[in-house]
file data35.pdb (PDB, N, CA and C atoms)
ATOM      1  N   MET N   1       0.817  -1.184   0.000
ATOM      2  CA  MET N   1       0.000   0.000   0.000
ATOM      3  C   MET N   1       0.869   1.260   0.000
ATOM      4  N   CYS N   2       2.045   1.167   0.581
ATOM      5  CA  CYS N   2       2.922   2.328   0.625
ATOM      6  C   CYS N   2       3.293   2.813  -0.771
ATOM      7  N   ALA N   3       3.352   1.900  -1.716
ATOM      8  CA  ALA N   3       3.712   2.298  -3.079
ATOM      9  C   ALA N   3       2.724   3.337  -3.617
ATOM     10  N   ARG N   4       1.464   3.236  -3.234
ATOM     11  CA  ARG N   4       0.465   4.179  -3.723
ATOM     12  C   ARG N   4       0.577   5.541  -3.052
ATOM     13  N   CYS N   5       0.933   5.552  -1.774
ATOM     14  CA  CYS N   5       0.940   6.831  -1.064
ATOM     15  C   CYS N   5       2.297   7.534  -1.123
ATOM     16  N   CYS N   6       3.364   6.777  -1.341
ATOM     17  CA  CYS N   6       4.701   7.353  -1.252
ATOM     18  C   CYS N   6       5.336   7.649  -2.608
ATOM     19  N   SER N   7       4.888   7.012  -3.625
ATOM     20  CA  SER N   7       5.450   7.263  -4.949
ATOM     21  C   SER N   7       4.342   7.161  -5.987
ATOM     22  N   LYS N   8       4.542   7.854  -7.076
ATOM     23  CA  LYS N   8       3.530   7.874  -8.125
ATOM     24  C   LYS N   8       3.663   6.609  -8.980
ATOM     25  N   PRO N   9       2.583   5.821  -9.094
ATOM     26  CA  PRO N   9       2.641   4.619  -9.928
ATOM     27  C   PRO N   9       2.873   4.967 -11.401
ATOM     28  N   ILE N  10       3.525   4.079 -12.077
ATOM     29  CA  ILE N  10       3.826   4.251 -13.500
ATOM     30  C   ILE N  10       2.602   3.850 -14.315
ATOM     31  N   THR N  11       2.367   4.550 -15.407
ATOM     32  CA  THR N  11       1.296   4.198 -16.331
ATOM     33  C   THR N  11       1.873   3.300 -17.422
ATOM     34  N   THR N  12       1.235   2.158 -17.615
ATOM     35  CA  THR N  12       1.659   1.189 -18.623
ATOM     36  C   THR N  12       0.586   1.111 -19.699
ATOM     37  N   ILE N  13       1.015   1.075 -20.952
ATOM     38  CA  ILE N  13       0.078   0.982 -22.078
ATOM     39  C   ILE N  13      -0.149  -0.487 -22.430
ATOM     40  N   ILE N  14      -1.413  -0.895 -22.448
ATOM     41  CA  ILE N  14      -1.782  -2.234 -22.913
ATOM     42  C   ILE N  14      -2.911  -2.080 -23.925
ATOM     43  N   LYS N  15      -3.148  -3.133 -24.698
ATOM     44  CA  LYS N  15      -4.247  -3.091 -25.661
ATOM     45  C   LYS N  15      -5.493  -3.708 -25.045
ATOM     46  N   ILE N  16      -6.576  -2.953 -25.132
ATOM     47  CA  ILE N  16      -7.882  -3.432 -24.695
ATOM     48  C   ILE N  16      -8.802  -3.340 -25.888
ATOM     49  N   ASP N  17      -9.215  -4.487 -26.370
ATOM     50  CA  ASP N  17      -9.997  -4.565 -27.618
ATOM     51  C   ASP N  17      -9.276  -3.856 -28.760
ATOM     52  N   GLY N  18      -7.963  -4.004 -28.807
ATOM     53  CA  GLY N  18      -7.169  -3.432 -29.886
ATOM     54  C   GLY N  18      -6.854  -1.954 -29.734
ATOM     55  N   ILE N  19      -7.327  -1.353 -28.641
ATOM     56  CA  ILE N  19      -7.092   0.077 -28.415
ATOM     57  C   ILE N  19      -6.032   0.232 -27.320
ATOM     58  N   GLU N  20      -4.975   0.993 -27.631
ATOM     59  CA  GLU N  20      -3.951   1.235 -26.625
ATOM     60  C   GLU N  20      -4.537   2.056 -25.491
ATOM     61  N   THR N  21      -4.374   1.533 -24.273
ATOM     62  CA  THR N  21      -4.986   2.135 -23.096
ATOM     63  C   THR N  21      -3.957   2.211 -21.977
ATOM     64  N   GLY N  22      -3.867   3.338 -21.315
ATOM     65  CA  GLY N  22      -2.949   3.498 -20.188
ATOM     66  C   GLY N  22      -3.572   2.980 -18.909
ATOM     67  N   ILE N  23      -2.801   2.143 -18.193
ATOM     68  CA  ILE N  23      -3.254   1.620 -16.905
ATOM     69  C   ILE N  23      -2.274   2.120 -15.839
ATOM     70  N   ILE N  24      -2.775   2.890 -14.902
ATOM     71  CA  ILE N  24      -1.948   3.394 -13.807
ATOM     72  C   ILE N  24      -1.686   2.256 -12.827
ATOM     73  N   GLY N  25      -0.396   2.038 -12.502
ATOM     74  CA  GLY N  25      -0.031   1.067 -11.475
ATOM     75  C   GLY N  25      -0.158  -0.390 -11.874
ATOM     76  N   LEU N  26      -0.047  -0.693 -13.158
ATOM     77  CA  LEU N  26      -0.253  -2.074 -13.604
ATOM     78  C   LEU N  26       0.692  -3.053 -12.906
ATOM     79  N   ASP N  27       1.962  -2.714 -12.772
ATOM     80  CA  ASP N  27       2.907  -3.625 -12.114
ATOM     81  C   ASP N  27       2.486  -3.924 -10.673
ATOM     82  N   GLN N  28       2.059  -2.903  -9.960
ATOM     83  CA  GLN N  28       1.612  -3.106  -8.585
ATOM     84  C   GLN N  28       0.328  -3.940  -8.548
ATOM     85  N   ILE N  29      -0.568  -3.671  -9.484
ATOM     86  CA  ILE N  29      -1.826  -4.418  -9.555
ATOM     87  C   ILE N  29      -1.533  -5.903  -9.765
ATOM     88  N   LEU N  30      -0.683  -6.209 -10.735
ATOM     89  CA  LEU N  30      -0.352  -7.599 -11.035
ATOM     90  C   LEU N  30       0.307  -8.280  -9.841
ATOM     91  N   THR N  31       1.197  -7.555  -9.170
ATOM     92  CA  THR N  31       1.875  -8.111  -8.003
ATOM     93  C   THR N  31       0.884  -8.392  -6.873
ATOM     94  N   GLU N  32       0.001  -7.452  -6.608
ATOM     95  CA  GLU N  32      -0.985  -7.642  -5.547
ATOM     96  C   GLU N  32      -1.911  -8.821  -5.834
ATOM     97  N   VAL N  33      -2.311  -8.974  -7.074
ATOM     98  CA  VAL N  33      -3.178 -10.099  -7.431
ATOM     99  C   VAL N  33      -2.398 -11.411  -7.323
ATOM    100  N   PHE N  34      -1.143 -11.400  -7.744
ATOM    101  CA  PHE N  34      -0.314 -12.608  -7.677
ATOM    102  C   PHE N  34      -0.157 -13.098  -6.238
ATOM    103  N   VAL N  35       0.123 -12.199  -5.312
ATOM    104  CA  VAL N  35       0.327 -12.609  -3.921
ATOM    105  C   VAL N  35      -0.987 -12.983  -3.220
ATOM    106  N   SER N  36      -2.112 -12.712  -3.854
ATOM    107  CA  SER N  36      -3.404 -13.112  -3.282
ATOM    108  C   SER N  36      -3.635 -14.614  -3.395
ATOM    109  N   ASN N  37      -2.833 -15.279  -4.222
ATOM    110  CA  ASN N  37      -2.888 -16.745  -4.391
ATOM    111  C   ASN N  37      -4.239 -17.276  -4.870
ATOM    112  N   LEU N  38      -4.928 -16.481  -5.668
ATOM    113  CA  LEU N  38      -6.180 -16.969  -6.257
ATOM    114  C   LEU N  38      -5.859 -17.912  -7.408
ATOM    115  N   ASN N  39      -6.734 -18.891  -7.619
ATOM    116  CA  ASN N  39      -6.520 -19.841  -8.709
ATOM    117  C   ASN N  39      -7.612 -19.799  -9.768
ATOM    118  N   ALA N  40      -8.809 -19.445  -9.375
ATOM    119  CA  ALA N  40      -9.932 -19.445 -10.311
ATOM    120  C   ALA N  40      -9.836 -18.227 -11.239
ATOM    121  N   GLU N  41      -9.941 -18.479 -12.533
ATOM    122  CA  GLU N  41      -9.794 -17.422 -13.533
ATOM    123  C   GLU N  41     -10.740 -16.251 -13.294
ATOM    124  N   GLU N  42     -11.992 -16.534 -13.011
ATOM    125  CA  GLU N  42     -12.967 -15.448 -12.834
ATOM    126  C   GLU N  42     -12.658 -14.627 -11.586
ATOM    127  N   GLU N  43     -12.199 -15.283 -10.517
ATOM    128  CA  GLU N  43     -11.820 -14.552  -9.307
ATOM    129  C   GLU N  43     -10.632 -13.639  -9.587
ATOM    130  N   ILE N  44      -9.665 -14.145 -10.345
ATOM    131  CA  ILE N  44      -8.490 -13.348 -10.703
ATOM    132  C   ILE N  44      -8.920 -12.145 -11.535
ATOM    133  N   LYS N  45      -9.773 -12.366 -12.525
ATOM    134  CA  LYS N  45     -10.246 -11.273 -13.376
ATOM    135  C   LYS N  45     -10.976 -10.213 -12.562
ATOM    136  N   ASN N  46     -11.828 -10.661 -11.633
ATOM    137  CA  ASN N  46     -12.568  -9.709 -10.804
ATOM    138  C   ASN N  46     -11.630  -8.883  -9.924
ATOM    139  N   LEU N  47     -10.618  -9.535  -9.353
ATOM    140  CA  LEU N  47      -9.673  -8.806  -8.507
ATOM    141  C   LEU N  47      -8.815  -7.863  -9.342
ATOM    142  N   LEU N  48      -8.435  -8.279 -10.537
ATOM    143  CA  LEU N  48      -7.678  -7.397 -11.429
ATOM    144  C   LEU N  48      -8.468  -6.126 -11.715
ATOM    145  N   LEU N  49      -9.741  -6.286 -12.019
ATOM    146  CA  LEU N  49     -10.587  -5.126 -12.311
ATOM    147  C   LEU N  49     -10.748  -4.247 -11.074
ATOM    148  N   GLN N  50     -10.979  -4.870  -9.927
ATOM    149  CA  GLN N  50     -11.127  -4.123  -8.677
ATOM    150  C   GLN N  50      -9.867  -3.312  -8.383
ATOM    151  N   LYS N  51      -8.705  -3.955  -8.469
ATOM    152  CA  LYS N  51      -7.440  -3.262  -8.192
ATOM    153  C   LYS N  51      -7.190  -2.154  -9.216
ATOM    154  N   THR N  52      -7.552  -2.399 -10.463
ATOM    155  CA  THR N  52      -7.377  -1.390 -11.514
ATOM    156  C   THR N  52      -8.155  -0.134 -11.158
ATOM    157  N   ARG N  53      -9.350  -0.313 -10.691
ATOM    158  CA  ARG N  53     -10.166   0.833 -10.274
ATOM    159  C   ARG N  53      -9.591   1.495  -9.023
ATOM    160  N   GLU N  54      -9.100   0.681  -8.080
ATOM    161  CA  GLU N  54      -8.518   1.229  -6.851
ATOM    162  C   GLU N  54      -7.330   2.144  -7.147
ATOM    163  N   TYR N  55      -6.607   1.860  -8.208
ATOM    164  CA  TYR N  55      -5.456   2.673  -8.578
ATOM    165  C   TYR N  55      -5.854   3.913  -9.377
ATOM    166  N   GLY N  56      -7.152   4.169  -9.485
ATOM    167  CA  GLY N  56      -7.613   5.402 -10.107
ATOM    168  C   GLY N  56      -7.891   5.317 -11.594
ATOM    169  N   ASN N  57      -7.906   4.101 -12.127
ATOM    170  CA  ASN N  57      -8.216   3.921 -13.546
ATOM    171  C   ASN N  57      -9.729   3.859 -13.717
ATOM    172  N   TYR N  58     -10.243   4.626 -14.659
ATOM    173  CA  TYR N  58     -11.677   4.602 -14.930
ATOM    174  C   TYR N  58     -11.988   3.457 -15.883
ATOM    175  N   VAL N  59     -12.964   2.634 -15.498
ATOM    176  CA  VAL N  59     -13.426   1.546 -16.358
ATOM    177  C   VAL N  59     -14.943   1.619 -16.387
ATOM    178  N   SER N  60     -15.501   1.931 -17.568
ATOM    179  CA  SER N  60     -16.962   1.990 -17.675
ATOM    180  C   SER N  60     -17.525   0.575 -17.591
ATOM    181  N   SER N  61     -18.732   0.467 -17.106
ATOM    182  CA  SER N  61     -19.349  -0.858 -16.943
ATOM    183  C   SER N  61     -19.497  -1.579 -18.278
ATOM    184  N   SER N  62     -19.657  -0.821 -19.364
ATOM    185  CA  SER N  62     -19.808  -1.452 -20.680
ATOM    186  C   SER N  62     -18.489  -2.051 -21.195
ATOM    187  N   ARG N  63     -17.357  -1.677 -20.584
ATOM    188  CA  ARG N  63     -16.040  -2.170 -21.029
ATOM    189  C   ARG N  63     -15.401  -3.135 -20.028
ATOM    190  N   GLU N  64     -16.136  -3.500 -18.983
ATOM    191  CA  GLU N  64     -15.579  -4.361 -17.941
ATOM    192  C   GLU N  64     -15.041  -5.680 -18.486
ATOM    193  N   VAL N  65     -15.799  -6.341 -19.328
ATOM    194  CA  VAL N  65     -15.381  -7.647 -19.855
ATOM    195  C   VAL N  65     -14.094  -7.504 -20.667
ATOM    196  N   ALA N  66     -14.023  -6.486 -21.493
ATOM    197  CA  ALA N  66     -12.818  -6.263 -22.304
ATOM    198  C   ALA N  66     -11.617  -5.987 -21.408
ATOM    199  N   TYR N  67     -11.803  -5.181 -20.368
ATOM    200  CA  TYR N  67     -10.711  -4.897 -19.431
ATOM    201  C   TYR N  67     -10.281  -6.171 -18.710
ATOM    202  N   LYS N  68     -11.253  -6.931 -18.222
ATOM    203  CA  LYS N  68     -10.933  -8.174 -17.510
ATOM    204  C   LYS N  68     -10.103  -9.107 -18.391
ATOM    205  N   ASN N  69     -10.523  -9.264 -19.637
ATOM    206  CA  ASN N  69      -9.813 -10.177 -20.538
ATOM    207  C   ASN N  69      -8.393  -9.697 -20.827
ATOM    208  N   SER N  70      -8.237  -8.421 -21.101
ATOM    209  CA  SER N  70      -6.911  -7.874 -21.395
ATOM    210  C   SER N  70      -6.013  -7.896 -20.166
ATOM    211  N   LEU N  71      -6.562  -7.542 -19.017
ATOM    212  CA  LEU N  71      -5.785  -7.578 -17.786
ATOM    213  C   LEU N  71      -5.378  -9.010 -17.442
ATOM    214  N   TYR N  72      -6.259  -9.950 -17.720
ATOM    215  CA  TYR N  72      -5.940 -11.357 -17.445
ATOM    216  C   TYR N  72      -4.796 -11.843 -18.334
ATOM    217  N   ILE N  73      -4.775 -11.418 -19.581
ATOM    218  CA  ILE N  73      -3.664 -11.761 -20.477
ATOM    219  C   ILE N  73      -2.365 -11.200 -19.912
ATOM    220  N   GLU N  74      -2.397  -9.944 -19.477
ATOM    221  CA  GLU N  74      -1.211  -9.330 -18.870
ATOM    222  C   GLU N  74      -0.796 -10.097 -17.614
ATOM    223  N   TYR N  75      -1.765 -10.518 -16.834
ATOM    224  CA  TYR N  75      -1.487 -11.269 -15.614
ATOM    225  C   TYR N  75      -0.821 -12.609 -15.935
ATOM    226  N   LYS N  76      -1.337 -13.306 -16.923
ATOM    227  CA  LYS N  76      -0.754 -14.601 -17.303
ATOM    228  C   LYS N  76       0.692 -14.416 -17.782
ATOM    229  N   ASN N  77       0.959 -13.356 -18.537
ATOM    230  CA  ASN N  77       2.330 -13.055 -18.972
ATOM    231  C   ASN N  77       3.219 -12.754 -17.768
ATOM    232  N   PHE N  78       2.703 -12.010 -16.818
ATOM    233  CA  PHE N  78       3.421 -11.674 -15.591
ATOM    234  C   PHE N  78       3.784 -12.938 -14.822
ATOM    235  N   VAL N  79       2.821 -13.822 -14.639
ATOM    236  CA  VAL N  79       3.043 -15.078 -13.914
ATOM    237  C   VAL N  79       4.064 -15.932 -14.654
ATOM    238  N   SER N  80       3.968 -15.981 -15.967
ATOM    239  CA  SER N  80       4.918 -16.747 -16.771
ATOM    240  C   SER N  80       6.345 -16.245 -16.568
ATOM    241  N   GLU N  81       6.522 -14.921 -16.532
ATOM    242  CA  GLU N  81       7.850 -14.343 -16.313
ATOM    243  C   GLU N  81       8.378 -14.696 -14.924
ATOM    244  N   ILE N  82       7.523 -14.657 -13.922
ATOM    245  CA  ILE N  82       7.930 -15.023 -12.567
ATOM    246  C   ILE N  82       8.357 -16.487 -12.530
ATOM    247  N   GLU N  83       7.589 -17.346 -13.181
ATOM    248  CA  GLU N  83       7.929 -18.770 -13.205
ATOM    249  C   GLU N  83       9.258 -19.011 -13.910
ATOM    250  N   LYS N  84       9.525 -18.286 -14.986
ATOM    251  CA  LYS N  84      10.809 -18.404 -15.681
ATOM    252  C   LYS N  84      11.956 -17.989 -14.773
ATOM    253  N   LEU N  85      11.778 -16.886 -14.057
ATOM    254  CA  LEU N  85      12.815 -16.413 -13.133
ATOM    255  C   LEU N  85      13.051 -17.408 -12.006
ATOM    256  N   GLN N  86      11.970 -17.986 -11.481
ATOM    257  CA  GLN N  86      12.107 -18.973 -10.411
ATOM    258  C   GLN N  86      12.847 -20.215 -10.910
ATOM    259  N   LYS N  87      12.516 -20.644 -12.110
ATOM    260  CA  LYS N  87      13.178 -21.820 -12.684
ATOM    261  C   LYS N  87      14.661 -21.538 -12.932
ATOM    262  N   ALA N  88      14.964 -20.354 -13.442
ATOM    263  CA  ALA N  88      16.362 -19.982 -13.686
ATOM    264  C   ALA N  88      17.124 -19.941 -12.366
ATOM    265  N   ARG N  89      16.505 -19.418 -11.332
ATOM    266  CA  ARG N  89      17.136 -19.350 -10.010
ATOM    267  C   ARG N  89      17.385 -20.759  -9.470
ATOM    268  N   GLU N  90      16.409 -21.650  -9.648
ATOM    269  CA  GLU N  90      16.575 -23.037  -9.200
ATOM    270  C   GLU N  90      17.700 -23.724  -9.964
ATOM    271  N   ASN N  91      17.756 -23.494 -11.280
ATOM    272  CA  ASN N  91      18.825 -24.085 -12.080
ATOM    273  C   ASN N  91      20.190 -23.553 -11.655
ATOM    274  N   GLU N  92      20.240 -22.262 -11.367
ATOM    275  CA  GLU N  92      21.488 -21.650 -10.920
ATOM    276  C   GLU N  92      21.919 -22.225  -9.577
ATOM    277  N   LYS N  93      20.960 -22.368  -8.685
ATOM    278  CA  LYS N  93      21.238 -22.930  -7.364
ATOM    279  C   LYS N  93      21.722 -24.369  -7.505
ATOM    280  N   SER N  94      21.091 -25.125  -8.377
ATOM    281  CA  SER N  94      21.485 -26.512  -8.619
ATOM    282  C   SER N  94      22.908 -26.578  -9.168
ATOM    283  N   SER N  95      23.240 -25.684 -10.081
ATOM    284  CA  SER N  95      24.584 -25.646 -10.662
ATOM    285  C   SER N  95      25.622 -25.319  -9.597
ATOM    286  N   VAL N  96      25.298 -24.398  -8.722
ATOM    287  CA  VAL N  96      26.215 -24.023  -7.646
ATOM    288  C   VAL N  96      26.422 -25.208  -6.712
ATOM    289  N   GLU N  97      25.345 -25.900  -6.373
ATOM    290  CA  GLU N  97      25.452 -27.066  -5.498
ATOM    291  C   GLU N  97      26.306 -28.160  -6.142
ATOM    292  N   LYS N  98      26.125 -28.382  -7.442
ATOM    293  CA  LYS N  98      26.929 -29.378  -8.148
ATOM    294  C   LYS N  98      28.397 -28.984  -8.131
ATOM    295  N   SER N  99      28.668 -27.699  -8.333
ATOM    296  CA  SER N  99      30.048 -27.213  -8.307
ATOM    297  C   SER N  99      30.666 -27.398  -6.931
ATOM    298  N   LYS N 100      29.906 -27.085  -5.898
ATOM    299  CA  LYS N 100      30.395 -27.273  -4.536
ATOM    300  C   LYS N 100      30.698 -28.746  -4.280
ATOM    301  N   TRP N 101      29.809 -29.612  -4.753
ATOM    302  CA  TRP N 101      29.992 -31.050  -4.565
ATOM    303  C   TRP N 101      31.253 -31.534  -5.283
ATOM    304  N   LYS N 102      31.478 -31.059  -6.489
ATOM    305  CA  LYS N 102      32.685 -31.433  -7.238
ATOM    306  C   LYS N 102      33.937 -30.976  -6.497
ATOM    307  N   ILE N 103      33.919 -29.760  -5.973
ATOM    308  CA  ILE N 103      35.064 -29.232  -5.226
ATOM    309  C   ILE N 103      35.279 -30.064  -3.961
ATOM    310  N   PHE N 104      34.192 -30.399  -3.279
ATOM    311  CA  PHE N 104      34.274 -31.201  -2.064
ATOM    312  C   PHE N 104      34.887 -32.565  -2.366
ATOM    313  N   LYS N 105      34.398 -33.216  -3.426
ATOM    314  CA  LYS N 105      34.916 -34.538  -3.789
ATOM    315  C   LYS N 105      36.398 -34.438  -4.181
ATOM    316  N   LYS N 106      36.748 -33.389  -4.888
ATOM    317  CA  LYS N 106      38.120 -33.188  -5.350
ATOM    318  C   LYS N 106      39.052 -32.997  -4.143
ATOM    319  N   ASN N 107      38.614 -32.218  -3.177
ATOM    320  CA  ASN N 107      39.437 -31.943  -1.989
ATOM    321  C   ASN N 107      39.528 -33.137  -1.049
ATOM    322  N   LYS N 108      38.583 -34.047  -1.128
ATOM    323  CA  LYS N 108      38.568 -35.227  -0.276
ATOM    324  C   LYS N 108      39.625 -36.237  -0.707
ATOM    325  N   ARG N 109      40.029 -36.188  -1.962
ATOM    326  CA  ARG N 109      40.986 -37.172  -2.493
ATOM    327  C   ARG N 109      42.332 -36.968  -1.971
TER     328      ARG N 109
END
call {"tool": "encode", "arguments": {"input": "data35.pdb", "output": "structure tokens"}}
result
Amino acid sequence: MCARCCSKPITTIIKIDGIETGIIGLDQILTEVFVSNLNAEEEIKNLLLQKTREYGNYVSSSREVAYKNSLYIEYKNFVSEIEKLQKARENEKSSVEKSKWKIFKKNKR
């Protein structure tokens, strides 16, 4: 919550129904939804829309579905990037452990 009161959120441009649209605080919105640990697609979409409005973005009721769908695509991309980073970190950790093991075995001889 401090991010909203202490610094100005960045506006990110995404396409909603093919129209470039600025979303204030998109990175924070995606992060907040991610840490909520929701799994159901509709719950995620509803929270994305709620958070989007909380950050001061106007969404007319006639465009809610389009916003939900576009925000959900952005969310899935966000989650995919996090998963890639986690996997890379695990691979790096595994490589370090293997290197340590090789050094240990070498020094034991």
call {"tool": "resolve_selection", "arguments": {"input": "data35.pdb", "expression": "the PyMOL selection byres ((chain N and resi 45-53) around 8)", "output": "VMD selection string"}}
result
chain N and resid 23 to 26 28 to 30 32 to 33 40 to 44 54 to 59 64 67 to 69 71 to 72
call {"tool": "axis_aligned_box", "arguments": {"input": "data35.pdb", "around": "range 76-86 of chain N", "padding_each_side": "6 Å", "output": "AutoDock Vina command-line options"}}
result
--center_x 5.9 --center_y -15.9 --center_z -14.7 --size_x 26.4 --size_y 20.5 --size_z 20.6
call {"tool": "atom_distance", "arguments": {"input": "data35.pdb", "atom1": "CA of Thr11 in chain N", "atom2": "CA of Asn77 in chain N"}}
result
17.5 Å
call {"tool": "resolve_selection", "arguments": {"input": "data35.pdb", "expression": "the PyMOL selection byres ((chain N and resi 15) around 8)", "output": "JSON, numbers by chain"}}
result
{"N": [12, 13, 14, 16, 17, 18, 19, 20, 21, 22, 66, 67, 69, 70, 71]}
call {"tool": "atom_distance", "arguments": {"input": "data35.pdb", "atom1": "CA of Phe34 in chain N", "atom2": "atom C of Ser62 in chain N"}}
result
25.0 Å
call {"tool": "decode", "arguments": {"input": "data35.pdb", "residues": "range 21-71 of chain N", "atoms": "C-alpha atoms", "output": "mmCIF file, in the first residue's frame"}}
result
data_model
loop_
_atom_site.group_PDB
_atom_site.id
_atom_site.type_symbol
_atom_site.label_atom_id
_atom_site.label_comp_id
_atom_site.auth_asym_id
_atom_site.auth_seq_id
_atom_site.Cartn_x
_atom_site.Cartn_y
_atom_site.Cartn_z
ATOM 1 C CA THR N 21 -4.986 2.135 -23.096
ATOM 2 C CA GLY N 22 -2.949 3.498 -20.188
ATOM 3 C CA ILE N 23 -3.254 1.620 -16.905
ATOM 4 C CA ILE N 24 -1.948 3.394 -13.807
ATOM 5 C CA GLY N 25 -0.031 1.067 -11.475
ATOM 6 C CA LEU N 26 -0.253 -2.074 -13.604
ATOM 7 C CA ASP N 27 2.907 -3.625 -12.114
ATOM 8 C CA GLN N 28 1.612 -3.106 -8.585
ATOM 9 C CA ILE N 29 -1.826 -4.418 -9.555
ATOM 10 C CA LEU N 30 -0.352 -7.599 -11.035
ATOM 11 C CA THR N 31 1.875 -8.111 -8.003
ATOM 12 C CA GLU N 32 -0.985 -7.642 -5.547
ATOM 13 C CA VAL N 33 -3.178 -10.099 -7.431
ATOM 14 C CA PHE N 34 -0.314 -12.608 -7.677
ATOM 15 C CA VAL N 35 0.327 -12.609 -3.921
ATOM 16 C CA SER N 36 -3.404 -13.112 -3.282
ATOM 17 C CA ASN N 37 -2.888 -16.745 -4.391
ATOM 18 C CA LEU N 38 -6.180 -16.969 -6.257
ATOM 19 C CA ASN N 39 -6.520 -19.841 -8.709
ATOM 20 C CA ALA N 40 -9.932 -19.445 -10.311
ATOM 21 C CA GLU N 41 -9.794 -17.422 -13.533
ATOM 22 C CA GLU N 42 -12.967 -15.448 -12.834
ATOM 23 C CA GLU N 43 -11.820 -14.552 -9.307
ATOM 24 C CA ILE N 44 -8.490 -13.348 -10.703
ATOM 25 C CA LYS N 45 -10.246 -11.273 -13.376
ATOM 26 C CA ASN N 46 -12.568 -9.709 -10.804
ATOM 27 C CA LEU N 47 -9.673 -8.806 -8.507
ATOM 28 C CA LEU N 48 -7.678 -7.397 -11.429
ATOM 29 C CA LEU N 49 -10.587 -5.126 -12.311
ATOM 30 C CA GLN N 50 -11.127 -4.123 -8.677
ATOM 31 C CA LYS N 51 -7.440 -3.262 -8.192
ATOM 32 C CA THR N 52 -7.377 -1.390 -11.514
ATOM 33 C CA ARG N 53 -10.166 0.833 -10.274
ATOM 34 C CA GLU N 54 -8.518 1.229 -6.851
ATOM 35 C CA TYR N 55 -5.456 2.673 -8.578
ATOM 36 C CA GLY N 56 -7.613 5.402 -10.107
ATOM 37 C CA ASN N 57 -8.216 3.921 -13.546
ATOM 38 C CA TYR N 58 -11.677 4.602 -14.930
ATOM 39 C CA VAL N 59 -13.426 1.546 -16.358
ATOM 40 C CA SER N 60 -16.962 1.990 -17.675
ATOM 41 C CA SER N 61 -19.349 -0.858 -16.943
ATOM 42 C CA SER N 62 -19.808 -1.452 -20.680
ATOM 43 C CA ARG N 63 -16.040 -2.170 -21.029
ATOM 44 C CA GLU N 64 -15.579 -4.361 -17.941
ATOM 45 C CA VAL N 65 -15.381 -7.647 -19.855
ATOM 46 C CA ALA N 66 -12.818 -6.263 -22.304
ATOM 47 C CA TYR N 67 -10.711 -4.897 -19.431
ATOM 48 C CA LYS N 68 -10.933 -8.174 -17.510
ATOM 49 C CA ASN N 69 -9.813 -10.177 -20.538
ATOM 50 C CA SER N 70 -6.911 -7.874 -21.395
ATOM 51 C CA LEU N 71 -5.785 -7.578 -17.786
#
